[in-house]
Amino acid sequence: MAAAVYILCALTCLACGVLLLRGYRRTRSRLLLWSGLCFLGLTVDNVLLFVDLVVLPQHDLAMARNLIALASFSLLLFGLIWES
């Protein structure tokens, strides 16, 4: 059951990222770009969570997941500061 939740979280982040980037392509609002990139990074983070806990439980990918999440949120924070 947990594996299905991890996959659904990754798919939700992917859908949000794609929709935000489509909105950016249409309106050229840079905040949509930074938000879309953040969600794509969170998609990678969720995929790594699935790999870490379901596919390769004997390996610890927590550091890689945390670095990707930090980079994703840093992109969003940079975008919020830059656009204000």
# chains A, B, ... in the order shown; residues from 1 in each chain; ligands from 1

$ residues_around --residues "Leu31 of chain A" --least-positions-apart "3" --cutoff "12 Å" --atoms "only C-alpha atoms" --output "list of chain:residue names"
A:Leu20, A:Leu21, A:Gly23, A:Tyr24, A:Arg25, A:Thr27, A:Arg28, A:Trp34, A:Ser35, A:Gly36, A:Leu37, A:Cys38, A:Leu75, A:Leu76, A:Leu77, A:Phe78, A:Gly79, A:Leu80, A:Ile81, A:Trp82, A:Glu83, A:Ser84

$ write_last_selection --atoms "N, CA and C atoms" --output "PDB file, in the first residue's frame"
ATOM      1  N   LEU A  20       2.279  23.768 -14.363  1.00  0.00           N
ATOM      2  CA  LEU A  20       2.906  25.059 -14.096  1.00  0.00           C
ATOM      3  C   LEU A  20       3.813  25.484 -15.247  1.00  0.00           C
ATOM      4  N   LEU A  21       4.572  24.548 -15.800  1.00  0.00           N
ATOM      5  CA  LEU A  21       5.449  24.898 -16.921  1.00  0.00           C
ATOM      6  C   LEU A  21       4.653  25.208 -18.188  1.00  0.00           C
ATOM      7  N   GLY A  23       1.732  26.657 -18.096  1.00  0.00           N
ATOM      8  CA  GLY A  23       1.273  28.016 -17.818  1.00  0.00           C
ATOM      9  C   GLY A  23       2.371  29.032 -18.046  1.00  0.00           C
ATOM     10  N   TYR A  24       3.602  28.665 -17.692  1.00  0.00           N
ATOM     11  CA  TYR A  24       4.726  29.572 -17.944  1.00  0.00           C
ATOM     12  C   TYR A  24       4.931  29.772 -19.442  1.00  0.00           C
ATOM     13  N   ARG A  25       4.840  28.698 -20.195  1.00  0.00           N
ATOM     14  CA  ARG A  25       5.051  28.804 -21.642  1.00  0.00           C
ATOM     15  C   ARG A  25       4.003  29.702 -22.294  1.00  0.00           C
ATOM     16  N   THR A  27       2.126  32.225 -20.586  1.00  0.00           N
ATOM     17  CA  THR A  27       2.062  33.594 -20.063  1.00  0.00           C
ATOM     18  C   THR A  27       3.419  34.239 -19.841  1.00  0.00           C
ATOM     19  N   ARG A  28       4.484  33.445 -19.795  1.00  0.00           N
ATOM     20  CA  ARG A  28       5.842  33.932 -19.526  1.00  0.00           C
ATOM     21  C   ARG A  28       5.971  34.592 -18.156  1.00  0.00           C
ATOM     22  N   TRP A  34       9.688  29.048 -11.903  1.00  0.00           N
ATOM     23  CA  TRP A  34      10.363  28.596 -10.691  1.00  0.00           C
ATOM     24  C   TRP A  34       9.518  27.570  -9.945  1.00  0.00           C
ATOM     25  N   SER A  35       8.212  27.772  -9.916  1.00  0.00           N
ATOM     26  CA  SER A  35       7.334  26.821  -9.242  1.00  0.00           C
ATOM     27  C   SER A  35       7.314  25.481  -9.978  1.00  0.00           C
ATOM     28  N   GLY A  36       7.270  25.525 -11.306  1.00  0.00           N
ATOM     29  CA  GLY A  36       7.287  24.292 -12.090  1.00  0.00           C
ATOM     30  C   GLY A  36       8.574  23.515 -11.916  1.00  0.00           C
ATOM     31  N   LEU A  37       9.699  24.231 -11.886  1.00  0.00           N
ATOM     32  CA  LEU A  37      10.979  23.553 -11.669  1.00  0.00           C
ATOM     33  C   LEU A  37      11.055  22.949 -10.278  1.00  0.00           C
ATOM     34  N   CYS A  38      10.495  23.644  -9.297  1.00  0.00           N
ATOM     35  CA  CYS A  38      10.447  23.099  -7.938  1.00  0.00           C
ATOM     36  C   CYS A  38       9.659  21.795  -7.913  1.00  0.00           C
ATOM     37  N   LEU A  75      15.112  26.601  -5.410  1.00  0.00           N
ATOM     38  CA  LEU A  75      14.644  27.193  -6.658  1.00  0.00           C
ATOM     39  C   LEU A  75      13.375  28.004  -6.438  1.00  0.00           C
ATOM     40  N   LEU A  76      12.447  27.446  -5.679  1.00  0.00           N
ATOM     41  CA  LEU A  76      11.199  28.155  -5.407  1.00  0.00           C
ATOM     42  C   LEU A  76      11.463  29.405  -4.570  1.00  0.00           C
ATOM     43  N   LEU A  77      12.311  29.295  -3.568  1.00  0.00           N
ATOM     44  CA  LEU A  77      12.631  30.454  -2.745  1.00  0.00           C
ATOM     45  C   LEU A  77      13.328  31.536  -3.570  1.00  0.00           C
ATOM     46  N   PHE A  78      14.257  31.135  -4.434  1.00  0.00           N
ATOM     47  CA  PHE A  78      14.924  32.096  -5.299  1.00  0.00           C
ATOM     48  C   PHE A  78      13.906  32.797  -6.194  1.00  0.00           C
ATOM     49  N   GLY A  79      12.990  32.036  -6.754  1.00  0.00           N
ATOM     50  CA  GLY A  79      11.973  32.626  -7.605  1.00  0.00           C
ATOM     51  C   GLY A  79      11.076  33.592  -6.861  1.00  0.00           C
ATOM     52  N   LEU A  80      10.701  33.227  -5.641  1.00  0.00           N
ATOM     53  CA  LEU A  80       9.852  34.121  -4.851  1.00  0.00           C
ATOM     54  C   LEU A  80      10.582  35.419  -4.503  1.00  0.00           C
ATOM     55  N   ILE A  81      11.855  35.326  -4.162  1.00  0.00           N
ATOM     56  CA  ILE A  81      12.626  36.526  -3.822  1.00  0.00           C
ATOM     57  C   ILE A  81      12.886  37.358  -5.070  1.00  0.00           C
ATOM     58  N   TRP A  82      13.243  36.706  -6.158  1.00  0.00           N
ATOM     59  CA  TRP A  82      13.597  37.394  -7.396  1.00  0.00           C
ATOM     60  C   TRP A  82      12.394  38.144  -7.985  1.00  0.00           C
ATOM     61  N   GLU A  83      11.220  37.570  -7.865  1.00  0.00           N
ATOM     62  CA  GLU A  83      10.037  38.155  -8.485  1.00  0.00           C
ATOM     63  C   GLU A  83       9.333  39.179  -7.602  1.00  0.00           C
ATOM     64  N   SER A  84       9.749  39.329  -6.360  1.00  0.00           N
ATOM     65  CA  SER A  84       9.068  40.285  -5.498  1.00  0.00           C
ATOM     66  C   SER A  84       9.715  41.655  -5.518  1.00  0.00           C
TER      67      SER A  84
END

$ select_by_dssp --residues "chain A" --states "alpha helix (DSSP H)" --output "VMD selection string"
chain A and resid 2 to 27 30 to 50 62 to 83

$ closest_residue --among "A:Leu42, A:Val55, A:Leu33, A:Leu19" --to "Leu70 of chain A" --atoms "only C-alpha atoms"
A:Leu42

$ closest_residue --among "A:Cys9, A:Leu32, A:Leu14, A:Val44" --to "Ala69 of chain A" --atoms "only C-alpha atoms"
A:Val44

$ closest_residue --among "A:Leu40, A:Ala10, A:Leu53, A:Val47" --to "Ser72 of chain A" --atoms "only C-alpha atoms"
A:Leu40

$ residues_around --residues "Ala62 of chain A" --least-positions-apart "5" --cutoff "12 Å" --atoms "only C-alpha atoms" --output "JSON, numbers by chain"
{"A": [45, 46, 48, 49, 50, 51, 52, 53, 56, 57, 67, 68, 69]}

$ closest_residue --among "A:Ala71, A:Thr12, A:Ser29, A:Ala64" --to "Thr43 of chain A" --atoms "only C-alpha atoms"
A:Thr12

$ atom_distance --atom1 "atom CA of Phe73 of chain A" --atom2 "atom CA of Met1 of chain A"
27.7 Å

$ atom_distance --atom1 "atom CA of Gly41 of chain A" --atom2 "atom CA of Arg26 of chain A"
21.3 Å

$ atom_distance --atom1 "atom CA of Ala4 of chain A" --atom2 "atom CA of Val54 of chain A"
10.3 Å

$ decode --residues "segment 30-41 of chain A" --atoms "all heavy atoms" --output "mmCIF file, in the first residue's frame"
data_model
loop_
_atom_site.group_PDB
_atom_site.id
_atom_site.type_symbol
_atom_site.label_atom_id
_atom_site.label_comp_id
_atom_site.auth_asym_id
_atom_site.auth_seq_id
_atom_site.Cartn_x
_atom_site.Cartn_y
_atom_site.Cartn_z
ATOM 1 N N ARG A 30 7.466 34.435 -14.772
ATOM 2 C CA ARG A 30 8.634 33.701 -14.295
ATOM 3 C C ARG A 30 8.383 32.954 -12.987
ATOM 4 O O ARG A 30 9.042 31.955 -12.713
ATOM 5 C CB ARG A 30 9.814 34.644 -14.165
ATOM 6 C CG ARG A 30 10.296 35.126 -15.535
ATOM 7 C CD ARG A 30 11.452 36.082 -15.448
ATOM 8 N NE ARG A 30 12.572 35.620 -14.687
ATOM 9 C CZ ARG A 30 13.606 34.923 -15.171
ATOM 10 N NH1 ARG A 30 13.618 34.622 -16.448
ATOM 11 N NH2 ARG A 30 14.601 34.561 -14.404
ATOM 12 N N LEU A 31 7.426 33.410 -12.195
ATOM 13 C CA LEU A 31 7.109 32.685 -10.969
ATOM 14 C C LEU A 31 6.569 31.294 -11.286
ATOM 15 O O LEU A 31 6.830 30.332 -10.553
ATOM 16 C CB LEU A 31 6.110 33.478 -10.128
ATOM 17 C CG LEU A 31 5.849 32.955 -8.729
ATOM 18 C CD1 LEU A 31 7.141 32.846 -7.935
ATOM 19 C CD2 LEU A 31 4.869 33.856 -8.011
ATOM 20 N N LEU A 32 5.842 31.165 -12.380
ATOM 21 C CA LEU A 32 5.371 29.840 -12.810
ATOM 22 C C LEU A 32 6.548 28.948 -13.190
ATOM 23 O O LEU A 32 6.523 27.739 -12.944
ATOM 24 C CB LEU A 32 4.409 29.968 -13.980
ATOM 25 C CG LEU A 32 3.045 30.568 -13.676
ATOM 26 C CD1 LEU A 32 2.260 30.774 -14.970
ATOM 27 C CD2 LEU A 32 2.279 29.697 -12.716
ATOM 28 N N LEU A 33 7.584 29.528 -13.787
ATOM 29 C CA LEU A 33 8.771 28.759 -14.147
ATOM 30 C C LEU A 33 9.440 28.197 -12.900
ATOM 31 O O LEU A 33 9.732 27.002 -12.825
ATOM 32 C CB LEU A 33 9.754 29.632 -14.924
ATOM 33 C CG LEU A 33 11.125 29.006 -15.178
ATOM 34 C CD1 LEU A 33 11.008 27.829 -16.127
ATOM 35 C CD2 LEU A 33 12.096 30.046 -15.698
ATOM 36 N N TRP A 34 9.688 29.048 -11.903
ATOM 37 C CA TRP A 34 10.363 28.596 -10.691
ATOM 38 C C TRP A 34 9.518 27.570 -9.945
ATOM 39 O O TRP A 34 10.043 26.587 -9.413
ATOM 40 C CB TRP A 34 10.698 29.778 -9.792
ATOM 41 C CG TRP A 34 11.639 30.741 -10.450
ATOM 42 C CD1 TRP A 34 11.376 32.030 -10.772
ATOM 43 C CD2 TRP A 34 12.988 30.487 -10.884
ATOM 44 N NE1 TRP A 34 12.477 32.589 -11.385
ATOM 45 C CE2 TRP A 34 13.470 31.667 -11.460
ATOM 46 C CE3 TRP A 34 13.811 29.373 -10.842
ATOM 47 C CZ2 TRP A 34 14.755 31.774 -11.980
ATOM 48 C CZ3 TRP A 34 15.090 29.473 -11.367
ATOM 49 C CH2 TRP A 34 15.546 30.662 -11.924
ATOM 50 N N SER A 35 8.212 27.772 -9.916
ATOM 51 C CA SER A 35 7.334 26.821 -9.242
ATOM 52 C C SER A 35 7.314 25.481 -9.978
ATOM 53 O O SER A 35 7.350 24.417 -9.351
ATOM 54 C CB SER A 35 5.915 27.372 -9.163
ATOM 55 O OG SER A 35 5.890 28.568 -8.446
ATOM 56 N N GLY A 36 7.270 25.525 -11.306
ATOM 57 C CA GLY A 36 7.287 24.292 -12.090
ATOM 58 C C GLY A 36 8.574 23.515 -11.916
ATOM 59 O O GLY A 36 8.566 22.288 -11.777
ATOM 60 N N LEU A 37 9.699 24.231 -11.886
ATOM 61 C CA LEU A 37 10.979 23.553 -11.669
ATOM 62 C C LEU A 37 11.055 22.949 -10.278
ATOM 63 O O LEU A 37 11.609 21.857 -10.093
ATOM 64 C CB LEU A 37 12.131 24.536 -11.894
ATOM 65 C CG LEU A 37 12.329 24.999 -13.339
ATOM 66 C CD1 LEU A 37 13.433 26.040 -13.407
ATOM 67 C CD2 LEU A 37 12.622 23.828 -14.249
ATOM 68 N N CYS A 38 10.495 23.644 -9.297
ATOM 69 C CA CYS A 38 10.447 23.099 -7.938
ATOM 70 C C CYS A 38 9.659 21.795 -7.913
ATOM 71 O O CYS A 38 10.101 20.801 -7.332
ATOM 72 C CB CYS A 38 9.841 24.123 -6.982
ATOM 73 S SG CYS A 38 9.538 23.481 -5.321
ATOM 74 N N PHE A 39 8.510 21.773 -8.549
ATOM 75 C CA PHE A 39 7.691 20.567 -8.537
ATOM 76 C C PHE A 39 8.337 19.434 -9.330
ATOM 77 O O PHE A 39 8.172 18.265 -8.979
ATOM 78 C CB PHE A 39 6.281 20.856 -9.045
ATOM 79 C CG PHE A 39 5.358 21.304 -7.952
ATOM 80 C CD1 PHE A 39 5.120 22.650 -7.738
ATOM 81 C CD2 PHE A 39 4.738 20.390 -7.132
ATOM 82 C CE1 PHE A 39 4.277 23.077 -6.730
ATOM 83 C CE2 PHE A 39 3.897 20.794 -6.110
ATOM 84 C CZ PHE A 39 3.664 22.147 -5.912
ATOM 85 N N LEU A 40 9.072 19.751 -10.378
ATOM 86 C CA LEU A 40 9.781 18.683 -11.083
ATOM 87 C C LEU A 40 10.881 18.103 -10.208
ATOM 88 O O LEU A 40 11.125 16.891 -10.218
ATOM 89 C CB LEU A 40 10.344 19.204 -12.406
ATOM 90 C CG LEU A 40 9.310 19.521 -13.480
ATOM 91 C CD1 LEU A 40 10.001 19.977 -14.758
ATOM 92 C CD2 LEU A 40 8.420 18.330 -13.757
ATOM 93 N N GLY A 41 11.542 18.952 -9.441
ATOM 94 C CA GLY A 41 12.530 18.453 -8.488
ATOM 95 C C GLY A 41 11.892 17.600 -7.405
ATOM 96 O O GLY A 41 12.446 16.570 -6.994
#
